[in-house]
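Participant: Before I ask anything, here is the structure I am working with.
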Amino acid sequence: MSLSKPNILVVEDETKVALFLKKGLETQSYSVTVAADGREGKRLIGTEHFDLVILDVNLPVLSGVELAQYIRTRNTQLPILMLTALDSTTDKLMGFEAGADDYLVKPFDFLELLARIRALLRRATPPDESEAVLKMADLELDLREKVARRMGQSIDLTAREFSLLEYLMRNQGRVVSRVDIASQVWDLNFDTGTNVIDVYINYLRNKIDKDAPVKLIHTVIGLGYVLKQK
C-alpha cells in the first residue's frame, strides 16, 4: 500500500453507482479513479498505480471476471473487491477463482464496503521480518514472496487459497470454525446456504496434502478444521 492517500480504481458501468462510490470514498480520504467499462479499467491498470480495485462483474466490453484475471497476470498482490447482483455459490467461486479477494452483493451498505476495503488494504501491508515465513512441519508460507512450499516444492495458490492457508497456519493446532474462516478470511457474515469455504478447503487439500505422506489439514466433525500433524 502506498504511503500517500490510498488510490482506488472503481470499474463500474452504472453511472449512479460509480458516482456514489467515488463521492463516498473521497470523503473517507481515498483517491478514486472511475472507469465505465472493462477495457478502460484494463488500460488504467496498465498505466497507473492503484492500491485496490473495486469492479463490477457484469461490465461491458470486458467482463469483471476477465479483468480480474488480467490483473492477476500483472499483479498477484493488488486487492480486488468484486461487486455483483449475483449471490450464488457458483458465482462467488467464479469471482474468487478469477482472482478476487472479496465479494460484495448489491445492494450493499456503504459502511460494510468501507470495512471490506480497510481489511483488504490492511492485509496488503507487507509483514514484519519476524513473521515473513510461517512454518508447519515441512510446509512453509512465505508472506513476502506470496509462495507456499511443501517438502521443498513450490505450490501454486490463488490469492484466496493463500489467505486461507495463512489463516490456518497462524492458528495451527487450533480448531477454526467455518464462521471463523468466513469472518477472518472472507470478511463475510457466515452464510449457512453456501459451501464456498468447504470447496476452498478441498482445493487446499488437493494442493497441500494430496501427494504428501503426512496430512496436515483435518476436519473436526461438527466444529470445523485444524492444521496439525497427527
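Chain lettering (A, B, ...) mirrors the order of the C-alpha cells, residue numbering begins at 1 for each chain separately, and ligand numbering begins at 1 in order of display.
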For Gly95 in chain A, please output as a PyMOL selection string all residues within 9 Å (counting only C-alpha atoms; exclusion window: fewer than 6 positions along the same chain).

Facilitator: chain A and resi 57+64-65+68+82+101-103

Participant: Leaving out Ile45 in chain A and any residue of its chain fewer than 2 positions from it, which residues lie within 12 Å of it when counting only C-alpha atoms, given as a count of residues only?

Facilitator: 32

Participant: Which residue is closest to Asp56 in chain A? Choose from A:Gln77, A:Thr90, A:Thr15, A:Ser154 and count only C-alpha atoms.

Facilitator: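 Looking at the shortest contact to Asp56 in chain A, the residue is A:Thr15.
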
Participant: So, counting only C-alpha atoms, which residue among A:Leu21, A:Leu104, A:Ala159, A:Leu143 is closest to Gln69 in chain A?

Facilitator: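 Going through A:Leu21, A:Leu104, A:Ala159, A:Leu143 one by one, the smallest distance to Gln69 in chain A is for A:Ala159.
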
Participant: Residues near Lys23 in chain A, anyone? I mean within 12 Å using only C-alpha atoms, not counting same-chain ones fewer than 4 positions away, as a PyMOL selection string.

Facilitator: chain A and resi 10+16-19+27-34+110

Participant: Select from range 53-224 of chain A everything DSSP, run on the backbone, classes as alpha helix (DSSP H), then give the selection as an MDAnalysis selection string.

Facilitator: chainID A and resid 64:74 89:98 110:123 159:170 178:181 196:208

Participant: Using only C-alpha atoms, which residues sit within 9 Å of range 165-181 of chain A once same-chain residues fewer than 4 positions away are excluded, as a VMD selection string?

Facilitator: chain A and resid 134 to 136 141 143 148 160 to 161 185 to 191 197 to 198 201 204 217 219 to 220 222 to 229

Participant: Quick one: distance from CA of Thr84 in chain A to CA of Val147 in chain A in Å, one decimal?

Facilitator: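 Between CA of Thr84 in chain A and CA of Val147 in chain A the gap is 29.6 Å.
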
Participant: From the DSSP assignment of the backbone, select every residue of range 11-198 of chain A that is strand (DSSP E), and format the answer as a PyMOL selection string.

Facilitator: chain A and resi 11+31-35+52-56+80-84+102-105+133-136+139-142+147-150+153-155

Participant: Quick one: write out the picked residues with C-alpha atoms as an mmCIF file, in the first residue's frame?

Facilitator:
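Writing the result to selection13.cif gives the following:
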```cif
data_model
loop_
_atom_site.group_PDB
_atom_site.id
_atom_site.type_symbol
_atom_site.label_atom_id
_atom_site.label_comp_id
_atom_site.auth_asym_id
_atom_site.auth_seq_id
_atom_site.Cartn_x
_atom_site.Cartn_y
_atom_site.Cartn_z
ATOM 1 C CA VAL A 11 -14.691 -0.107 -12.578
ATOM 2 C CA SER A 31 -8.173 8.896 -4.066
ATOM 3 C CA VAL A 32 -10.633 7.443 -6.603
ATOM 4 C CA THR A 33 -10.435 6.886 -10.363
ATOM 5 C CA VAL A 34 -13.518 5.621 -12.209
ATOM 6 C CA ALA A 35 -13.654 3.506 -15.369
ATOM 7 C CA LEU A 52 -7.109 -1.556 -4.553
ATOM 8 C CA VAL A 53 -9.583 -2.266 -7.365
ATOM 9 C CA ILE A 54 -13.366 -2.359 -6.989
ATOM 10 C CA LEU A 55 -15.024 -3.871 -10.035
ATOM 11 C CA ASP A 56 -18.474 -4.919 -11.098
ATOM 12 C CA ILE A 80 -9.656 -6.884 -5.794
ATOM 13 C CA LEU A 81 -13.177 -6.391 -4.427
ATOM 14 C CA MET A 82 -15.968 -7.558 -6.725
ATOM 15 C CA LEU A 83 -19.445 -6.033 -6.770
ATOM 16 C CA THR A 84 -22.309 -8.035 -8.224
ATOM 17 C CA ASP A 102 -13.609 -10.299 -1.592
ATOM 18 C CA TYR A 103 -17.156 -10.251 -2.936
ATOM 19 C CA LEU A 104 -19.966 -7.821 -2.087
ATOM 20 C CA VAL A 105 -23.536 -8.319 -3.295
ATOM 21 C CA VAL A 133 7.753 -17.042 6.790
ATOM 22 C CA LEU A 134 5.199 -19.232 8.589
ATOM 23 C CA LYS A 135 6.157 -22.881 9.138
ATOM 24 C CA MET A 136 4.326 -26.091 9.995
ATOM 25 C CA LEU A 139 5.089 -26.732 4.964
ATOM 26 C CA GLU A 140 6.279 -23.129 4.578
ATOM 27 C CA LEU A 141 4.354 -19.990 3.664
ATOM 28 C CA ASP A 142 6.441 -17.031 2.550
ATOM 29 C CA VAL A 147 4.740 -18.529 -2.125
ATOM 30 C CA ALA A 148 3.859 -21.819 -0.412
ATOM 31 C CA ARG A 149 6.278 -24.749 -0.275
ATOM 32 C CA ARG A 150 5.842 -28.349 0.847
ATOM 33 C CA GLN A 153 8.492 -27.857 -3.704
ATOM 34 C CA SER A 154 6.645 -24.640 -4.616
ATOM 35 C CA ILE A 155 2.848 -24.842 -4.638
#
```

Participant: How far is it from CA of Leu25 in chain A to CA of Ser63 in chain A, in Å with one decimal?

Facilitator: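 These two atoms are separated by 23.3 Å.
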
Participant: How many Å lie between CA of Lys106 in chain A and CA of Gly24 in chain A, rounded to one decimal?

Facilitator: 16.0 Å

Participant: For Asn206 in chain A, list every protein, DNA or RNA residue within 12 Å, evaluated using only C-alpha atoms, and leave out those in the same chain fewer than 6 positions away; present the list as a ChimeraX atom specification.

Facilitator: /A:155-157,161,199-200,212,215-217

Participant: Write a file of the just-selected residues containing N, CA and C atoms, as a short mmCIF file (atom, residue, chain, number, x, y, z; two decimals), in the first residue's frame.

Facilitator:
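This went into result_21.cif:
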```
data_model
loop_
_atom_site.label_atom_id
_atom_site.label_comp_id
_atom_site.auth_asym_id
_atom_site.auth_seq_id
_atom_site.Cartn_x
_atom_site.Cartn_y
_atom_site.Cartn_z
N ILE A 155 4.24 -24.49 -4.39
CA ILE A 155 2.85 -24.84 -4.64
C ILE A 155 2.14 -23.61 -5.18
N ASP A 156 1.46 -23.75 -6.29
CA ASP A 156 0.76 -22.64 -6.93
C ASP A 156 -0.60 -22.44 -6.26
N LEU A 157 -0.77 -21.31 -5.57
CA LEU A 157 -2.02 -21.00 -4.89
C LEU A 157 -2.63 -19.73 -5.45
N GLU A 161 -6.79 -18.89 -1.82
CA GLU A 161 -6.22 -20.08 -1.20
C GLU A 161 -5.06 -19.70 -0.29
N VAL A 199 -15.42 -25.87 -0.19
CA VAL A 199 -14.81 -26.03 -1.51
C VAL A 199 -13.35 -25.60 -1.48
N TYR A 200 -13.08 -24.47 -0.82
CA TYR A 200 -11.70 -23.98 -0.77
C TYR A 200 -10.81 -24.83 0.12
N ALA A 212 1.47 -35.79 -0.25
CA ALA A 212 2.35 -35.82 0.93
C ALA A 212 2.03 -37.02 1.81
N LYS A 215 -0.67 -35.94 6.28
CA LYS A 215 -1.73 -34.98 6.01
C LYS A 215 -1.76 -33.92 7.13
N LEU A 216 -1.92 -32.67 6.74
CA LEU A 216 -1.90 -31.57 7.71
C LEU A 216 -3.26 -30.92 7.93
N ILE A 217 -4.13 -30.95 6.94
CA ILE A 217 -5.45 -30.31 7.06
C ILE A 217 -6.47 -31.36 7.46
#
```
